[in-house]
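Shown next: data_35.pdb, containing PDB, C-alpha atoms.
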```
ATOM      1  CA  MET F1432    -248.662 -61.966  26.704  1.00  0.00           C
ATOM      2  CA  THR F1433    -250.419 -59.371  24.555  1.00  0.00           C
ATOM      3  CA  PRO F1434    -254.076 -58.524  23.884  1.00  0.00           C
ATOM      4  CA  ASP F1435    -255.524 -59.284  20.471  1.00  0.00           C
ATOM      5  CA  PRO F1436    -254.794 -56.600  17.856  1.00  0.00           C
ATOM      6  CA  PRO F1437    -257.798 -54.361  17.193  1.00  0.00           C
ATOM      7  CA  ALA F1438    -258.084 -55.336  13.513  1.00  0.00           C
ATOM      8  CA  HIS F1439    -257.993 -59.079  14.159  1.00  0.00           C
ATOM      9  CA  ARG F1440    -261.100 -61.155  14.800  1.00  0.00           C
ATOM     10  CA  PRO F1441    -260.293 -63.890  17.326  1.00  0.00           C
ATOM     11  CA  GLY F1442    -260.729 -67.375  15.959  1.00  0.00           C
ATOM     12  CA  ARG F1443    -263.236 -69.773  17.447  1.00  0.00           C
ATOM     13  CA  THR F1444    -260.508 -71.589  19.449  1.00  0.00           C
ATOM     14  CA  GLU F1445    -258.166 -68.651  20.033  1.00  0.00           C
ATOM     15  CA  ALA F1446    -257.593 -67.134  23.463  1.00  0.00           C
ATOM     16  CA  PHE F1447    -257.477 -63.379  24.053  1.00  0.00           C
ATOM     17  CA  TRP F1448    -257.189 -60.955  26.960  1.00  0.00           C
ATOM     18  CA  LEU F1449    -260.086 -59.033  28.473  1.00  0.00           C
ATOM     19  CA  TYR F1450    -259.329 -56.037  30.688  1.00  0.00           C
ATOM     20  CA  GLY F1451    -261.257 -53.677  32.943  1.00  0.00           C
ATOM     21  CA  HIS F1452    -263.436 -54.547  35.926  1.00  0.00           C
ATOM     22  CA  HIS F1453    -266.852 -54.807  34.249  1.00  0.00           C
ATOM     23  CA  PRO F1454    -265.795 -56.941  31.234  1.00  0.00           C
ATOM     24  CA  VAL F1455    -263.745 -59.250  33.454  1.00  0.00           C
ATOM     25  CA  ALA F1456    -266.456 -59.568  36.122  1.00  0.00           C
ATOM     26  CA  ALA F1457    -269.120 -60.317  33.496  1.00  0.00           C
ATOM     27  CA  ALA F1458    -266.920 -62.958  31.879  1.00  0.00           C
ATOM     28  CA  LEU F1459    -266.196 -64.620  35.228  1.00  0.00           C
ATOM     29  CA  ASP F1460    -269.919 -64.594  35.997  1.00  0.00           C
ATOM     30  CA  ASN F1461    -270.798 -66.203  32.647  1.00  0.00           C
ATOM     31  CA  PRO F1462    -270.649 -70.008  32.974  1.00  0.00           C
ATOM     32  CA  LEU F1463    -270.402 -70.342  29.182  1.00  0.00           C
ATOM     33  CA  ARG F1464    -267.237 -68.219  28.923  1.00  0.00           C
ATOM     34  CA  PRO F1465    -263.966 -70.182  29.093  1.00  0.00           C
ATOM     35  CA  CYS F1466    -261.818 -68.336  31.663  1.00  0.00           C
ATOM     36  CA  ARG F1467    -258.219 -69.505  31.869  1.00  0.00           C
ATOM     37  CA  ARG F1468    -255.944 -67.056  33.661  1.00  0.00           C
ATOM     38  CA  LEU F1469    -256.586 -63.979  35.790  1.00  0.00           C
ATOM     39  CA  LEU F1470    -253.924 -61.356  36.489  1.00  0.00           C
ATOM     40  CA  ALA F1471    -255.051 -58.751  38.999  1.00  0.00           C
ATOM     41  CA  THR F1472    -253.815 -56.337  41.620  1.00  0.00           C
ATOM     42  CA  ALA F1473    -254.805 -56.859  45.258  1.00  0.00           C
ATOM     43  CA  PRO F1474    -257.546 -54.151  45.167  1.00  0.00           C
ATOM     44  CA  ALA F1475    -258.923 -55.577  41.924  1.00  0.00           C
ATOM     45  CA  LEU F1476    -259.079 -59.070  43.403  1.00  0.00           C
ATOM     46  CA  ALA F1477    -260.975 -57.689  46.374  1.00  0.00           C
ATOM     47  CA  ARG F1478    -263.513 -56.044  44.024  1.00  0.00           C
ATOM     48  CA  LEU F1479    -264.038 -59.275  42.103  1.00  0.00           C
ATOM     49  CA  GLY F1480    -264.663 -61.199  45.314  1.00  0.00           C
ATOM     50  CA  ARG F1481    -265.961 -64.732  44.922  1.00  0.00           C
ATOM     51  CA  LEU F1482    -266.151 -64.442  41.129  1.00  0.00           C
ATOM     52  CA  VAL F1483    -262.539 -65.611  41.030  1.00  0.00           C
ATOM     53  CA  GLU F1484    -263.494 -68.964  42.585  1.00  0.00           C
ATOM     54  CA  ARG F1485    -264.002 -70.686  39.235  1.00  0.00           C
ATOM     55  CA  PRO F1486    -262.795 -74.270  38.758  1.00  0.00           C
ATOM     56  CA  GLY F1487    -259.696 -74.386  36.573  1.00  0.00           C
ATOM     57  CA  LEU F1488    -259.020 -70.641  36.718  1.00  0.00           C
ATOM     58  CA  VAL F1489    -255.396 -69.715  37.434  1.00  0.00           C
ATOM     59  CA  VAL F1490    -255.324 -66.566  39.594  1.00  0.00           C
ATOM     60  CA  GLU F1491    -252.169 -64.488  39.948  1.00  0.00           C
ATOM     61  CA  GLN F1492    -251.824 -61.360  42.059  1.00  0.00           C
ATOM     62  CA  VAL F1493    -249.595 -58.863  40.233  1.00  0.00           C
ATOM     63  CA  GLY F1494    -248.589 -55.239  40.503  1.00  0.00           C
ATOM     64  CA  PRO F1495    -249.794 -52.388  38.271  1.00  0.00           C
ATOM     65  CA  LYS F1496    -246.460 -52.254  36.420  1.00  0.00           C
ATOM     66  CA  GLU F1497    -246.716 -55.914  35.429  1.00  0.00           C
ATOM     67  CA  LEU F1498    -250.189 -55.333  33.987  1.00  0.00           C
ATOM     68  CA  ALA F1499    -249.066 -52.178  32.228  1.00  0.00           C
ATOM     69  CA  ARG F1500    -246.521 -54.210  30.245  1.00  0.00           C
ATOM     70  CA  LEU F1501    -249.343 -56.305  28.773  1.00  0.00           C
ATOM     71  CA  PHE F1502    -251.214 -53.474  27.088  1.00  0.00           C
ATOM     72  CA  PRO F1503    -250.645 -50.290  25.111  1.00  0.00           C
ATOM     73  CA  PRO F1504    -250.251 -47.120  27.238  1.00  0.00           C
ATOM     74  CA  ASP F1505    -253.781 -45.867  26.513  1.00  0.00           C
ATOM     75  CA  VAL F1506    -255.528 -49.021  27.788  1.00  0.00           C
ATOM     76  CA  VAL F1507    -257.448 -48.556  31.061  1.00  0.00           C
ATOM     77  CA  HIS F1508    -257.146 -52.031  32.600  1.00  0.00           C
ATOM     78  CA  GLN F1509    -258.282 -51.081  36.151  1.00  0.00           C
ATOM     79  CA  GLY F1510    -255.866 -53.595  37.614  1.00  0.00           C
ATOM     80  CA  THR F1511    -257.403 -56.623  35.903  1.00  0.00           C
ATOM     81  CA  ALA F1512    -256.637 -58.860  32.908  1.00  0.00           C
ATOM     82  CA  LEU F1513    -258.379 -62.132  32.115  1.00  0.00           C
ATOM     83  CA  LEU F1514    -257.302 -64.648  29.493  1.00  0.00           C
ATOM     84  CA  VAL F1515    -260.464 -66.117  27.944  1.00  0.00           C
ATOM     85  CA  GLY F1516    -261.597 -68.266  25.074  1.00  0.00           C
ATOM     86  CA  PRO F1517    -264.459 -67.443  22.689  1.00  0.00           C
ATOM     87  CA  LEU F1518    -268.006 -68.253  23.684  1.00  0.00           C
ATOM     88  CA  PRO F1519    -269.491 -71.414  22.153  1.00  0.00           C
ATOM     89  CA  ARG F1520    -271.524 -70.948  19.002  1.00  0.00           C
ATOM     90  CA  ARG F1521    -275.208 -70.247  19.504  1.00  0.00           C
ATOM     91  CA  PRO F1522    -277.314 -71.546  16.584  1.00  0.00           C
ATOM     92  CA  LEU F1523    -280.060 -69.206  15.405  1.00  0.00           C
ATOM     93  CA  ASP F1524    -282.786 -71.805  15.861  1.00  0.00           C
ATOM     94  CA  SER F1525    -281.654 -72.331  19.453  1.00  0.00           C
ATOM     95  CA  LEU F1526    -281.824 -68.582  20.132  1.00  0.00           C
ATOM     96  CA  LEU F1527    -285.307 -68.322  18.625  1.00  0.00           C
ATOM     97  CA  ALA F1528    -286.590 -71.397  20.464  1.00  0.00           C
ATOM     98  CA  GLY F1529    -285.897 -69.758  23.814  1.00  0.00           C
ATOM     99  CA  LEU F1530    -287.866 -66.551  23.146  1.00  0.00           C
ATOM    100  CA  GLY F1531    -291.308 -65.675  24.423  1.00  0.00           C
ATOM    101  CA  ALA F1532    -294.308 -64.172  22.659  1.00  0.00           C
ATOM    102  CA  GLU F1533    -292.815 -60.679  22.992  1.00  0.00           C
ATOM    103  CA  ALA F1534    -289.150 -60.130  22.161  1.00  0.00           C
ATOM    104  CA  LEU F1535    -286.803 -57.576  20.653  1.00  0.00           C
ATOM    105  CA  LEU F1536    -283.823 -58.720  18.585  1.00  0.00           C
ATOM    106  CA  LEU F1537    -280.987 -56.700  17.083  1.00  0.00           C
ATOM    107  CA  VAL F1538    -279.352 -57.548  13.746  1.00  0.00           C
ATOM    108  CA  LEU F1539    -276.040 -55.857  12.862  1.00  0.00           C
ATOM    109  CA  ASP F1540    -274.902 -55.839   9.241  1.00  0.00           C
ATOM    110  CA  ARG F1541    -271.089 -55.572   9.200  1.00  0.00           C
ATOM    111  CA  ILE F1542    -270.328 -53.124  12.011  1.00  0.00           C
ATOM    112  CA  GLN F1543    -266.599 -52.482  11.562  1.00  0.00           C
ATOM    113  CA  ASP F1544    -265.427 -50.622  14.676  1.00  0.00           C
ATOM    114  CA  PRO F1545    -265.147 -52.808  17.809  1.00  0.00           C
ATOM    115  CA  ARG F1546    -265.862 -49.780  20.002  1.00  0.00           C
ATOM    116  CA  ASN F1547    -269.089 -49.116  18.124  1.00  0.00           C
ATOM    117  CA  LEU F1548    -270.025 -52.778  18.401  1.00  0.00           C
ATOM    118  CA  GLY F1549    -269.321 -52.756  22.129  1.00  0.00           C
ATOM    119  CA  ALA F1550    -271.345 -49.582  22.687  1.00  0.00           C
ATOM    120  CA  ILE F1551    -274.257 -51.109  20.757  1.00  0.00           C
ATOM    121  CA  LEU F1552    -274.104 -54.272  22.868  1.00  0.00           C
ATOM    122  CA  ARG F1553    -274.142 -52.121  26.009  1.00  0.00           C
ATOM    123  CA  SER F1554    -277.347 -50.411  24.850  1.00  0.00           C
ATOM    124  CA  ALA F1555    -278.814 -53.792  23.922  1.00  0.00           C
ATOM    125  CA  ALA F1556    -278.187 -55.117  27.431  1.00  0.00           C
ATOM    126  CA  ALA F1557    -279.633 -51.974  29.017  1.00  0.00           C
ATOM    127  CA  LEU F1558    -282.835 -52.317  26.979  1.00  0.00           C
ATOM    128  CA  ASP F1559    -283.319 -56.075  27.486  1.00  0.00           C
ATOM    129  CA  VAL F1560    -282.651 -57.079  23.885  1.00  0.00           C
ATOM    130  CA  ALA F1561    -283.173 -60.832  23.699  1.00  0.00           C
ATOM    131  CA  GLY F1562    -280.319 -61.485  21.275  1.00  0.00           C
ATOM    132  CA  VAL F1563    -277.923 -59.936  18.780  1.00  0.00           C
ATOM    133  CA  ILE F1564    -277.340 -61.486  15.361  1.00  0.00           C
ATOM    134  CA  LEU F1565    -274.080 -60.850  13.486  1.00  0.00           C
ATOM    135  CA  PRO F1566    -272.513 -62.152  10.270  1.00  0.00           C
ATOM    136  CA  GLU F1567    -269.646 -64.568  10.849  1.00  0.00           C
ATOM    137  CA  ARG F1568    -267.381 -62.520   8.589  1.00  0.00           C
ATOM    138  CA  HIS F1569    -266.722 -58.814   7.950  1.00  0.00           C
ATOM    139  CA  SER F1570    -267.695 -57.668  11.440  1.00  0.00           C
ATOM    140  CA  ALA F1571    -265.642 -56.143  14.219  1.00  0.00           C
ATOM    141  CA  PRO F1572    -263.893 -58.660  16.484  1.00  0.00           C
ATOM    142  CA  LEU F1573    -265.657 -59.783  19.641  1.00  0.00           C
ATOM    143  CA  GLY F1574    -262.436 -59.234  21.544  1.00  0.00           C
ATOM    144  CA  ALA F1575    -260.922 -56.959  24.153  1.00  0.00           C
ATOM    145  CA  ALA F1576    -261.741 -53.572  22.604  1.00  0.00           C
ATOM    146  CA  CYS F1577    -265.354 -54.565  22.012  1.00  0.00           C
ATOM    147  CA  ALA F1578    -265.660 -56.026  25.518  1.00  0.00           C
ATOM    148  CA  LYS F1579    -264.271 -52.888  27.149  1.00  0.00           C
ATOM    149  CA  ALA F1580    -266.745 -50.635  25.281  1.00  0.00           C
ATOM    150  CA  ALA F1581    -269.558 -53.080  26.078  1.00  0.00           C
ATOM    151  CA  SER F1582    -268.798 -52.787  29.817  1.00  0.00           C
ATOM    152  CA  GLY F1583    -269.787 -56.408  30.449  1.00  0.00           C
ATOM    153  CA  ALA F1584    -272.563 -56.691  27.866  1.00  0.00           C
ATOM    154  CA  LEU F1585    -270.490 -59.023  25.675  1.00  0.00           C
ATOM    155  CA  ASP F1586    -271.123 -61.721  28.287  1.00  0.00           C
ATOM    156  CA  ILE F1587    -274.698 -60.655  29.070  1.00  0.00           C
ATOM    157  CA  VAL F1588    -276.518 -60.383  25.730  1.00  0.00           C
ATOM    158  CA  PRO F1589    -276.880 -63.644  23.744  1.00  0.00           C
ATOM    159  CA  ILE F1590    -274.944 -63.306  20.473  1.00  0.00           C
ATOM    160  CA  CYS F1591    -275.557 -65.431  17.394  1.00  0.00           C
ATOM    161  CA  GLU F1592    -273.156 -65.409  14.437  1.00  0.00           C
ATOM    162  CA  VAL F1593    -274.648 -66.548  11.119  1.00  0.00           C
ATOM    163  CA  ALA F1594    -273.165 -67.400   7.727  1.00  0.00           C
ATOM    164  CA  ASN F1595    -275.800 -65.527   5.719  1.00  0.00           C
ATOM    165  CA  LEU F1596    -277.553 -62.513   7.209  1.00  0.00           C
ATOM    166  CA  ALA F1597    -280.249 -62.285   4.520  1.00  0.00           C
ATOM    167  CA  GLN F1598    -281.239 -65.904   5.147  1.00  0.00           C
ATOM    168  CA  ALA F1599    -281.267 -65.241   8.876  1.00  0.00           C
ATOM    169  CA  LEU F1600    -283.791 -62.429   8.341  1.00  0.00           C
ATOM    170  CA  GLU F1601    -286.034 -64.833   6.444  1.00  0.00           C
ATOM    171  CA  ALA F1602    -285.822 -67.218   9.394  1.00  0.00           C
ATOM    172  CA  LEU F1603    -286.830 -64.379  11.727  1.00  0.00           C
ATOM    173  CA  LYS F1604    -289.879 -63.615   9.611  1.00  0.00           C
ATOM    174  CA  ARG F1605    -290.894 -67.270   9.640  1.00  0.00           C
ATOM    175  CA  ALA F1606    -290.717 -67.015  13.436  1.00  0.00           C
ATOM    176  CA  ASP F1607    -293.211 -64.098  13.328  1.00  0.00           C
ATOM    177  CA  PHE F1608    -290.643 -61.336  13.778  1.00  0.00           C
ATOM    178  CA  TRP F1609    -291.375 -57.974  12.176  1.00  0.00           C
ATOM    179  CA  VAL F1610    -288.056 -56.923  10.640  1.00  0.00           C
ATOM    180  CA  VAL F1611    -287.364 -53.173  10.726  1.00  0.00           C
ATOM    181  CA  GLY F1612    -284.349 -51.760   8.891  1.00  0.00           C
ATOM    182  CA  LEU F1613    -282.935 -48.435  10.061  1.00  0.00           C
ATOM    183  CA  ASP F1614    -282.399 -46.290   6.952  1.00  0.00           C
ATOM    184  CA  ALA F1615    -281.730 -42.546   6.962  1.00  0.00           C
ATOM    185  CA  HIS F1616    -283.400 -42.244   3.532  1.00  0.00           C
ATOM    186  CA  ALA F1617    -286.609 -44.093   4.430  1.00  0.00           C
ATOM    187  CA  GLU F1618    -289.902 -42.239   4.564  1.00  0.00           C
ATOM    188  CA  PRO F1619    -291.628 -43.224   7.833  1.00  0.00           C
ATOM    189  CA  PRO F1620    -290.091 -42.122  11.154  1.00  0.00           C
ATOM    190  CA  LEU F1621    -289.340 -45.043  13.419  1.00  0.00           C
ATOM    191  CA  GLU F1622    -291.559 -43.690  16.181  1.00  0.00           C
ATOM    192  CA  SER F1623    -294.559 -43.711  13.816  1.00  0.00           C
ATOM    193  CA  LEU F1624    -294.494 -47.491  13.397  1.00  0.00           C
ATOM    194  CA  PRO F1625    -297.108 -49.612  15.159  1.00  0.00           C
ATOM    195  CA  PHE F1626    -296.176 -51.908  17.997  1.00  0.00           C
ATOM    196  CA  ARG F1627    -295.484 -55.550  17.176  1.00  0.00           C
ATOM    197  CA  PRO F1628    -294.782 -58.072  19.947  1.00  0.00           C
ATOM    198  CA  ARG F1629    -291.908 -59.703  18.064  1.00  0.00           C
ATOM    199  CA  ARG F1630    -289.640 -57.193  16.340  1.00  0.00           C
ATOM    200  CA  ALA F1631    -286.095 -57.172  15.023  1.00  0.00           C
ATOM    201  CA  LEU F1632    -284.091 -53.999  14.373  1.00  0.00           C
ATOM    202  CA  VAL F1633    -281.507 -54.150  11.571  1.00  0.00           C
ATOM    203  CA  LEU F1634    -278.589 -51.698  11.389  1.00  0.00           C
ATOM    204  CA  GLY F1635    -276.017 -51.394   8.623  1.00  0.00           C
ATOM    205  CA  SER F1636    -272.320 -50.608   8.686  1.00  0.00           C
ATOM    206  CA  GLU F1637    -270.824 -47.254   9.604  1.00  0.00           C
ATOM    207  CA  ASP F1638    -269.957 -46.201   6.062  1.00  0.00           C
ATOM    208  CA  LYS F1639    -272.406 -47.976   3.725  1.00  0.00           C
ATOM    209  CA  GLY F1640    -275.482 -48.649   5.833  1.00  0.00           C
ATOM    210  CA  LEU F1641    -277.667 -51.619   4.955  1.00  0.00           C
ATOM    211  CA  ARG F1642    -276.528 -53.802   2.082  1.00  0.00           C
ATOM    212  CA  ARG F1643    -279.068 -54.183  -0.721  1.00  0.00           C
ATOM    213  CA  LEU F1644    -279.924 -57.840  -0.084  1.00  0.00           C
ATOM    214  CA  VAL F1645    -280.291 -57.215   3.638  1.00  0.00           C
ATOM    215  CA  ALA F1646    -282.459 -54.129   3.075  1.00  0.00           C
ATOM    216  CA  GLU F1647    -284.706 -56.074   0.702  1.00  0.00           C
ATOM    217  CA  ARG F1648    -285.377 -58.685   3.397  1.00  0.00           C
ATOM    218  CA  CYS F1649    -286.711 -56.089   5.842  1.00  0.00           C
ATOM    219  CA  ASP F1650    -290.497 -55.819   6.238  1.00  0.00           C
ATOM    220  CA  VAL F1651    -290.179 -52.052   6.544  1.00  0.00           C
ATOM    221  CA  ARG F1652    -287.426 -49.437   6.588  1.00  0.00           C
ATOM    222  CA  ALA F1653    -287.693 -46.409   8.841  1.00  0.00           C
ATOM    223  CA  ARG F1654    -285.564 -43.434   9.836  1.00  0.00           C
ATOM    224  CA  LEU F1655    -284.731 -41.479  12.940  1.00  0.00           C
ATOM    225  CA  GLU F1656    -285.912 -37.884  12.780  1.00  0.00           C
ATOM    226  CA  ILE F1657    -282.917 -35.607  13.394  1.00  0.00           C
ATOM    227  CA  SER F1658    -282.149 -31.959  12.725  1.00  0.00           C
ATOM    228  CA  PRO F1659    -281.221 -31.070   9.114  1.00  0.00           C
ATOM    229  CA  ARG F1660    -278.102 -29.466  10.563  1.00  0.00           C
ATOM    230  CA  MET F1661    -276.641 -32.990  10.858  1.00  0.00           C
ATOM    231  CA  GLU F1662    -276.563 -35.513   8.052  1.00  0.00           C
ATOM    232  CA  SER F1663    -276.380 -38.597  10.235  1.00  0.00           C
ATOM    233  CA  LEU F1664    -275.670 -40.079  13.651  1.00  0.00           C
ATOM    234  CA  ASN F1665    -272.905 -42.379  14.793  1.00  0.00           C
ATOM    235  CA  VAL F1666    -274.185 -45.942  14.408  1.00  0.00           C
ATOM    236  CA  ALA F1667    -273.868 -46.684  18.125  1.00  0.00           C
ATOM    237  CA  VAL F1668    -275.853 -43.554  19.027  1.00  0.00           C
ATOM    238  CA  ALA F1669    -278.487 -44.383  16.407  1.00  0.00           C
ATOM    239  CA  ALA F1670    -278.737 -47.927  17.736  1.00  0.00           C
ATOM    240  CA  GLY F1671    -279.353 -46.721  21.284  1.00  0.00           C
ATOM    241  CA  ILE F1672    -282.112 -44.324  20.226  1.00  0.00           C
ATOM    242  CA  ALA F1673    -283.776 -46.835  17.898  1.00  0.00           C
ATOM    243  CA  LEU F1674    -283.670 -49.630  20.473  1.00  0.00           C
ATOM    244  CA  TYR F1675    -285.212 -47.344  23.065  1.00  0.00           C
ATOM    245  CA  LEU F1676    -288.077 -46.485  20.708  1.00  0.00           C
ATOM    246  CA  LEU F1677    -288.714 -50.134  19.869  1.00  0.00           C
ATOM    247  CA  ALA F1678    -288.333 -51.304  23.465  1.00  0.00           C
ATOM    248  CA  ARG F1679    -290.119 -48.565  25.362  1.00  0.00           C
ATOM    249  CA  ALA F1680    -291.798 -45.881  23.290  1.00  0.00           C
ATOM    250  CA  LEU F1681    -293.859 -47.505  20.535  1.00  0.00           C
ATOM    251  CA  PRO F1682    -297.561 -47.309  21.341  1.00  0.00           C
ATOM    252  CA  ARG F1683    -299.080 -50.595  22.420  1.00  0.00           C
ATOM    253  CA  PRO F1684    -302.624 -51.529  21.379  1.00  0.00           C
TER     254      PRO F1684
END
```
Starting from the file, lay out its structure as structure tokens.
Amino acid sequence: MTPDPPAHRPGRTEAFWLYGHHPVAAALDNPLRPCRRLLATAPALARLGRLVERPGLVVEQVGPKELARLFPPDVVHQGTALLVGPLPRRPLDSLLAGLGAEALLLVLDRIQDPRNLGAILRSAAALDVAGVILPERHSAPLGAACAKAASGALDIVPICEVANLAQALEALKRADFWVVGLDAHAEPPLESLPFRPRRALVLGSEDKGLRRLVAERCDVRARLEISPRMESLNVAVAAGIALYLLARALPRP
């Protein structure tokens, strides 16, 4: 029994281990998440409470040493490990059909580090993002490392994986979303943009930023104003700031 390797993206039918109280509790509380086997210490079981009373879930009380053998030494499992399956696919049209007149979406173009992806999902949950759109390929795995960094957000924020991100942006625009690409070389500051009730923020990968075809599909590209002493921000930090501006700080008419 081993957790999924960090560089491997779990397949659509492949099981993997979640660890840590918040990721495990969020997964157990998500009726769409297949939960198969829970290994936990007595204190961890007490913290989870009635969340463990899921039909079909095998629950085993174990000691800390047994859990430690499952994971690398640097993993903070907090006495809990949960064997889960991937969430069912969420079609883009289904995600869009459930949104109201005002909504904020997040589009991530090939984020490579699962810890960055998890941190971004955590910010998205904190700022009531209505959904996150990812490419099916060339993104960090939605596995244990991402779930731990997301602190439960992996099972809170609706996630939609698409085959073609550029086409997905066109679908967003047809649904009256204003698509804003975050680009360090763009002219307008993000906070100078007007408020739009339906808006989608697009972020590129850690090393290359937005791909050309994705950038061309954006309605506007904007930057975060930072000190010239620093060239750029970590993508997860930039995502948190940009989402806050779009969710809370843009002036409303």
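The shell of residues at most 10 Å from Asp1586 of chain F, with all atoms listed in the file counted and near chain neighbours (fewer than 4 positions) removed, consists of Pro1454, Val1455, Ala1456, Ala1457, Ala1458, Leu1459, Asp1460, Asn1461, Pro1462, Leu1463, Arg1464, Leu1518, Leu1552, Ala1556, Ala1578, Ala1581, Ser1582 and Ile1590 of chain F.
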*asked:* Taking (-266.0, -54.4, 30.7) in the coordinates of the supplied file, I want to know which residues reach to within 12 Å of it, counting only C-alpha atoms; could you give the answer as an NGL selection string?
replied: :F and (1448-1459 or 1507-1509 or 1511-1513 or 1546 or 1549-1550 or 1552-1553 or 1574-1587)
If you apply the PyMOL selection byres ((chain F and resi 1638) around 10) to this file, what residues do you get, as a JSON list (two decimals) with C-alpha atoms, keeping the file's coordinate frame?
```json
[["chain", "number", "residue", "atom", "x", "y", "z"],
["F", 1541, "ARG", "CA", -271.09, -55.57, 9.20],
["F", 1542, "ILE", "CA", -270.33, -53.12, 12.01],
["F", 1543, "GLN", "CA", -266.60, -52.48, 11.56],
["F", 1635, "GLY", "CA", -276.02, -51.39, 8.62],
["F", 1636, "SER", "CA", -272.32, -50.61, 8.69],
["F", 1637, "GLU", "CA", -270.82, -47.25, 9.60],
["F", 1639, "LYS", "CA", -272.41, -47.98, 3.72],
["F", 1640, "GLY", "CA", -275.48, -48.65, 5.83],
["F", 1641, "LEU", "CA", -277.67, -51.62, 4.96],
["F", 1665, "ASN", "CA", -272.90, -42.38, 14.79],
["F", 1666, "VAL", "CA", -274.18, -45.94, 14.41]]
```
Using the chain letters and numbering of this document, enumerate as a PDB file with C-alpha atoms, in the frame of the given file the residues selected by the PyMOL selection byres ((chain F and resi 1519-1528) around 10).
```pdb
ATOM      1  CA  ARG F1443    -263.236 -69.773  17.447  1.00  0.00           C
ATOM      2  CA  THR F1444    -260.508 -71.589  19.449  1.00  0.00           C
ATOM      3  CA  LEU F1463    -270.402 -70.342  29.182  1.00  0.00           C
ATOM      4  CA  ARG F1464    -267.237 -68.219  28.923  1.00  0.00           C
ATOM      5  CA  PRO F1465    -263.966 -70.182  29.093  1.00  0.00           C
ATOM      6  CA  GLY F1516    -261.597 -68.266  25.074  1.00  0.00           C
ATOM      7  CA  PRO F1517    -264.459 -67.443  22.689  1.00  0.00           C
ATOM      8  CA  LEU F1518    -268.006 -68.253  23.684  1.00  0.00           C
ATOM      9  CA  GLY F1529    -285.897 -69.758  23.814  1.00  0.00           C
ATOM     10  CA  LEU F1530    -287.866 -66.551  23.146  1.00  0.00           C
ATOM     11  CA  GLY F1531    -291.308 -65.675  24.423  1.00  0.00           C
ATOM     12  CA  ALA F1534    -289.150 -60.130  22.161  1.00  0.00           C
ATOM     13  CA  LEU F1536    -283.823 -58.720  18.585  1.00  0.00           C
ATOM     14  CA  ALA F1561    -283.173 -60.832  23.699  1.00  0.00           C
ATOM     15  CA  GLY F1562    -280.319 -61.485  21.275  1.00  0.00           C
ATOM     16  CA  VAL F1563    -277.923 -59.936  18.780  1.00  0.00           C
ATOM     17  CA  ILE F1564    -277.340 -61.486  15.361  1.00  0.00           C
ATOM     18  CA  PRO F1589    -276.880 -63.644  23.744  1.00  0.00           C
ATOM     19  CA  ILE F1590    -274.944 -63.306  20.473  1.00  0.00           C
ATOM     20  CA  CYS F1591    -275.557 -65.431  17.394  1.00  0.00           C
ATOM     21  CA  GLU F1592    -273.156 -65.409  14.437  1.00  0.00           C
ATOM     22  CA  VAL F1593    -274.648 -66.548  11.119  1.00  0.00           C
ATOM     23  CA  ALA F1599    -281.267 -65.241   8.876  1.00  0.00           C
ATOM     24  CA  ALA F1602    -285.822 -67.218   9.394  1.00  0.00           C
ATOM     25  CA  LEU F1603    -286.830 -64.379  11.727  1.00  0.00           C
ATOM     26  CA  ALA F1606    -290.717 -67.015  13.436  1.00  0.00           C
TER      27      ALA F1606
END
```
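Once all atoms listed in the file are considered, the residues situated within 10 Å of the file point (-288.2, -46.5, 4.1) turn out to be Val1611, Gly1612, Leu1613, Asp1614, Ala1615, His1616, Ala1617, Glu1618, Pro1619, Pro1620, Leu1621, Ala1646, Cys1649, Asp1650, Val1651, Arg1652, Ala1653 and Arg1654 of chain F.
The space between atom CA of Leu1558 of chain F and atom CA of Gly1671 of chain F spans 8.7 Å.
Every residue that the PyMOL selection byres ((chain F and resi 1648) around 8) selects in this file is listed here: F:Ala1597, F:Leu1600, F:Glu1601, F:Val1610, F:Leu1644, F:Val1645, F:Ala1646, F:Glu1647, F:Cys1649, F:Asp1650.
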*In terms of the shortest atom-to-atom distance over all atoms listed in the file, which of F:Phe1626, F:Ser1663, F:Phe1447, F:Pro1486 is closest to Leu1501 of chain F?*
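For Leu1501 of chain F, the nearest of the candidates is F:Phe1447.
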Tell me, as a PDB file with C-alpha atoms, in the frame of the given file, which residues lie within 10 Å of Ala1594 of chain F, counting only C-alpha atoms; anything in the same chain fewer than 4 positions away does not count.
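As written to disk, out.pdb reads:
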```pdb
ATOM      1  CA  LEU F1565    -274.080 -60.850  13.486  1.00  0.00           C
ATOM      2  CA  PRO F1566    -272.513 -62.152  10.270  1.00  0.00           C
ATOM      3  CA  GLU F1567    -269.646 -64.568  10.849  1.00  0.00           C
ATOM      4  CA  ARG F1568    -267.381 -62.520   8.589  1.00  0.00           C
ATOM      5  CA  GLN F1598    -281.239 -65.904   5.147  1.00  0.00           C
ATOM      6  CA  ALA F1599    -281.267 -65.241   8.876  1.00  0.00           C
TER       7      ALA F1599
END
```
*Grab the atom CA of Leu1537 of chain F to atom CA of Leu1632 of chain F distance for me, in Å with one decimal place.*
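Interatomic distance, atom CA of Leu1537 of chain F to atom CA of Leu1632 of chain F: 4.9 Å.
The gap separating atom CA of Leu1676 of chain F from atom CA of Arg1605 of chain F is 23.7 Å, in Å to one decimal.
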*Can you list, as a PyMOL selection string, every protein, DNA or RNA residue that comes within 12 Å of Val1490 of chain F when you count only C-alpha atoms, leaving out same-chain residues fewer than 4 positions away?*
chain F and resi 1459+1466-1473+1475-1476+1479+1482-1486+1511-1514
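Nearest residue to Ile1551 of chain F, choosing from F:Leu1655, F:Val1493, F:Val1506, F:Ala1571 and counting all atoms listed in the file: F:Ala1571.
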_Residue among F:Glu1497, F:Glu1656, F:Asp1544, F:Asp1607 lying closest to Ile1672 of chain F, counting only C-alpha atoms_ = F:Glu1656
*So which one's closest to Ala1669 of chain F, F:Arg1629, F:Leu1634, F:Asp1505, F:Arg1478? Using only C-alpha atoms, please.*
F:Leu1634
